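S.K.: Sharing a structure with you now.
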Amino acid sequence: MDWERDWDGRPIYYDRQGKPMTMQQWAQRFEDEDYRHIARDVIGPDEPLDPAPLITVSTSWLGLNHDWRSDEPLIYETIIIGGEDDATGMRYATENQAREGHRRAVDDLRAGRGPRGGALPLAPRARAQITPTAEWQRQR
């Protein structure tokens with residue numbers, strides 16, 4: 001099995017310029033936070049005691065093609081953590097698209113709108129649940 005190509009023979013790993021790279025080159029670059037990191041913004045309440053949640057918008061180079069259906073590899077990702085749009089994100093093919101998508105997501109969230117531009121859930125919504133582990137913890 002070739003660990004550097006998908007089942008159609010396309011490369012799996014890409015550098016920030018969108019050029020194919022080996023798995024070993026990708027692993028070395030992925031360990032470098034300065035190489036991976038594109039942008040990060042924290043959107044918070046206007047007042048210190050405002051109960052509104054903090055929202056983090058983070059954009060990173062992933063280097064792995066996350067779109068097996070088209071010829072253009074999606075190797076960047078913007079994720080939203082917190083707020084009503086928690087665990088949603090967008091993926092991009094180029095660094096310029098990723099930077100523009102990040103800026104647009106931050107602007108939309110600051111304006112009280114949800115992110116536009118293909119935001120999709122990246123994980124199921126978290127559900128707070130307390131499960132008793134012993135009989136004496138169960139309510140009667």
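Starting from 1 in every chain, residues are counted up; chains themselves are A, B, ... following the order of the structure tokens, and ligands are numbered from 1 as listed.
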Do you know which residues are at most 12 Å from stretch 104-121 of chain A counting only C-alpha atoms, after dropping those on the same chain fewer than 4 positions away, and could you put them as an mmCIF file with C-alpha atoms, in the first residue's frame?

M.R.:
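Saved as around-v4.cif:
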```
data_model
loop_
_atom_site.group_PDB
_atom_site.id
_atom_site.type_symbol
_atom_site.label_atom_id
_atom_site.label_comp_id
_atom_site.auth_asym_id
_atom_site.auth_seq_id
_atom_site.Cartn_x
_atom_site.Cartn_y
_atom_site.Cartn_z
ATOM 1 C CA ALA A 39 -4.558 33.050 12.287
ATOM 2 C CA ARG A 40 -6.391 33.056 15.638
ATOM 3 C CA ASP A 41 -8.915 35.513 17.038
ATOM 4 C CA VAL A 42 -10.862 35.490 20.287
ATOM 5 C CA ILE A 43 -14.215 37.240 20.281
ATOM 6 C CA GLY A 44 -15.423 38.109 23.738
ATOM 7 C CA PRO A 45 -18.109 40.077 25.482
ATOM 8 C CA ASP A 46 -17.919 43.857 25.527
ATOM 9 C CA ALA A 52 -21.757 35.821 26.628
ATOM 10 C CA LEU A 54 -15.838 33.556 24.427
ATOM 11 C CA ILE A 55 -15.570 32.435 20.817
ATOM 12 C CA THR A 56 -12.269 31.388 19.283
ATOM 13 C CA VAL A 57 -11.753 31.366 15.527
ATOM 14 C CA SER A 58 -8.623 29.473 14.534
ATOM 15 C CA THR A 59 -7.207 28.830 11.059
ATOM 16 C CA GLU A 77 -9.182 24.706 8.006
ATOM 17 C CA THR A 78 -10.921 27.416 10.012
ATOM 18 C CA ILE A 79 -12.721 26.188 13.122
ATOM 19 C CA ILE A 80 -15.032 28.014 15.506
ATOM 20 C CA ILE A 81 -14.921 27.047 19.161
ATOM 21 C CA GLY A 82 -17.614 28.336 21.503
ATOM 22 C CA GLY A 83 -20.879 30.163 21.033
ATOM 23 C CA GLU A 84 -23.813 29.022 18.931
ATOM 24 C CA ASP A 85 -21.542 27.936 16.079
ATOM 25 C CA ASP A 86 -19.294 25.744 18.239
ATOM 26 C CA ALA A 87 -17.498 22.984 16.328
ATOM 27 C CA THR A 88 -18.234 24.392 12.890
ATOM 28 C CA GLY A 89 -15.654 25.125 10.286
ATOM 29 C CA MET A 90 -14.650 25.737 6.718
ATOM 30 C CA ARG A 91 -11.896 24.185 4.596
ATOM 31 C CA TYR A 92 -9.834 25.830 1.870
ATOM 32 C CA GLN A 97 -8.580 31.592 0.724
ATOM 33 C CA ALA A 98 -7.975 30.497 4.329
ATOM 34 C CA ARG A 99 -6.951 33.998 5.452
ATOM 35 C CA GLU A 100 -9.966 35.562 3.712
ATOM 36 C CA ARG A 125 -22.699 19.013 19.471
ATOM 37 C CA ALA A 126 -21.500 18.414 23.003
#
```

S.K.: Considering only C-alpha atoms, return as a PyMOL selection string whatever protein or nucleic-acid residues lie within 9 Å of A:Ile75, sequence-local ones (same chain, fewer than 5 positions apart) excluded.

M.R.: chain A and resi 13-16+18+60-67+91-95

S.K.: Please dump the current selection as a short mmCIF file (atom, residue, chain, number, x, y, z; two decimals), in the first residue's frame; keep C-alpha atoms.

M.R.:
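Saved as part12.cif:
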```cif
data_model
loop_
_atom_site.label_atom_id
_atom_site.label_comp_id
_atom_site.auth_asym_id
_atom_site.auth_seq_id
_atom_site.Cartn_x
_atom_site.Cartn_y
_atom_site.Cartn_z
CA TYR A 13 0.17 15.41 1.75
CA TYR A 14 0.73 19.00 0.62
CA ASP A 15 2.89 21.92 1.76
CA ARG A 16 1.50 25.43 2.34
CA GLY A 18 -0.16 23.26 -2.36
CA SER A 60 -4.47 26.29 10.43
CA TRP A 61 -2.64 24.46 7.68
CA LEU A 62 -3.49 20.78 7.91
CA GLY A 63 -1.49 19.59 4.93
CA LEU A 64 -3.82 16.63 4.34
CA ASN A 65 -6.31 16.63 1.52
CA HIS A 66 -9.78 16.67 3.10
CA ASP A 67 -11.67 16.63 -0.19
CA ARG A 91 -11.90 24.18 4.60
CA TYR A 92 -9.83 25.83 1.87
CA ALA A 93 -7.36 24.97 -0.87
CA THR A 94 -5.01 27.97 -0.58
CA GLU A 95 -3.56 30.10 2.18
#
```

S.K.: Could you tell me, as a PyMOL selection string, which residues of stretch 25-102 of chain A DSSP assigns to alpha helix (DSSP H) when given the backbone?

M.R.: chain A and resi 25-30+33-36+95-102

S.K.: Would you export the selected residues with C-alpha atoms as a PDB file, in the first residue's frame, please?

M.R.:
```pdb
ATOM      1  CA  GLN A  25       8.145  15.904   5.186  1.00  0.00           C
ATOM      2  CA  TRP A  26       4.531  16.525   6.227  1.00  0.00           C
ATOM      3  CA  ALA A  27       5.168  15.124   9.741  1.00  0.00           C
ATOM      4  CA  GLN A  28       8.183  17.387  10.209  1.00  0.00           C
ATOM      5  CA  ARG A  29       6.242  20.459   9.071  1.00  0.00           C
ATOM      6  CA  PHE A  30       3.173  19.530  11.114  1.00  0.00           C
ATOM      7  CA  GLU A  33       3.494  25.337  15.164  1.00  0.00           C
ATOM      8  CA  ASP A  34       4.718  28.441  13.344  1.00  0.00           C
ATOM      9  CA  TYR A  35       4.329  26.632  10.022  1.00  0.00           C
ATOM     10  CA  ARG A  36       0.856  25.245  10.901  1.00  0.00           C
ATOM     11  CA  GLU A  95      -3.560  30.099   2.177  1.00  0.00           C
ATOM     12  CA  ASN A  96      -5.134  33.232   0.676  1.00  0.00           C
ATOM     13  CA  GLN A  97      -8.580  31.592   0.724  1.00  0.00           C
ATOM     14  CA  ALA A  98      -7.975  30.497   4.329  1.00  0.00           C
ATOM     15  CA  ARG A  99      -6.951  33.998   5.452  1.00  0.00           C
ATOM     16  CA  GLU A 100      -9.966  35.562   3.712  1.00  0.00           C
ATOM     17  CA  GLY A 101     -12.329  32.914   5.127  1.00  0.00           C
ATOM     18  CA  HIS A 102     -10.919  33.478   8.622  1.00  0.00           C
TER      19      HIS A 102
END
```

S.K.: Would you work out the distance separating atom CA of A:Arg5 from atom CA of A:Pro20, expressed in Å to one decimal?

M.R.: 9.9 Å

S.K.: Could you tell me how far atom CA of A:Asp71 sits from atom CA of A:Arg10, in Å to one decimal place?

M.R.: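 Pair atom CA of A:Arg10 / atom CA of A:Asp71 returns 8.6 Å.
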
S.K.: Between atom CA of A:Tyr76 and atom CA of A:Ile38, what is the spacing in Å?

M.R.: 8.9 Å

S.K.: I need the residue nearest A:Leu74 from this list: A:Arg103, A:Pro11, A:Asp32, A:Thr22. Use only C-alpha atoms for the distance.

M.R.: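 Nearest to A:Leu74: A:Pro11.
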
S.K.: Mind checking which residues fall within 12 Å of A:Asp8, counting only C-alpha atoms, ignoring those fewer than 6 positions away in the same chain, and posting them as a ChimeraX atom specification?

M.R.: /A:2,68-71
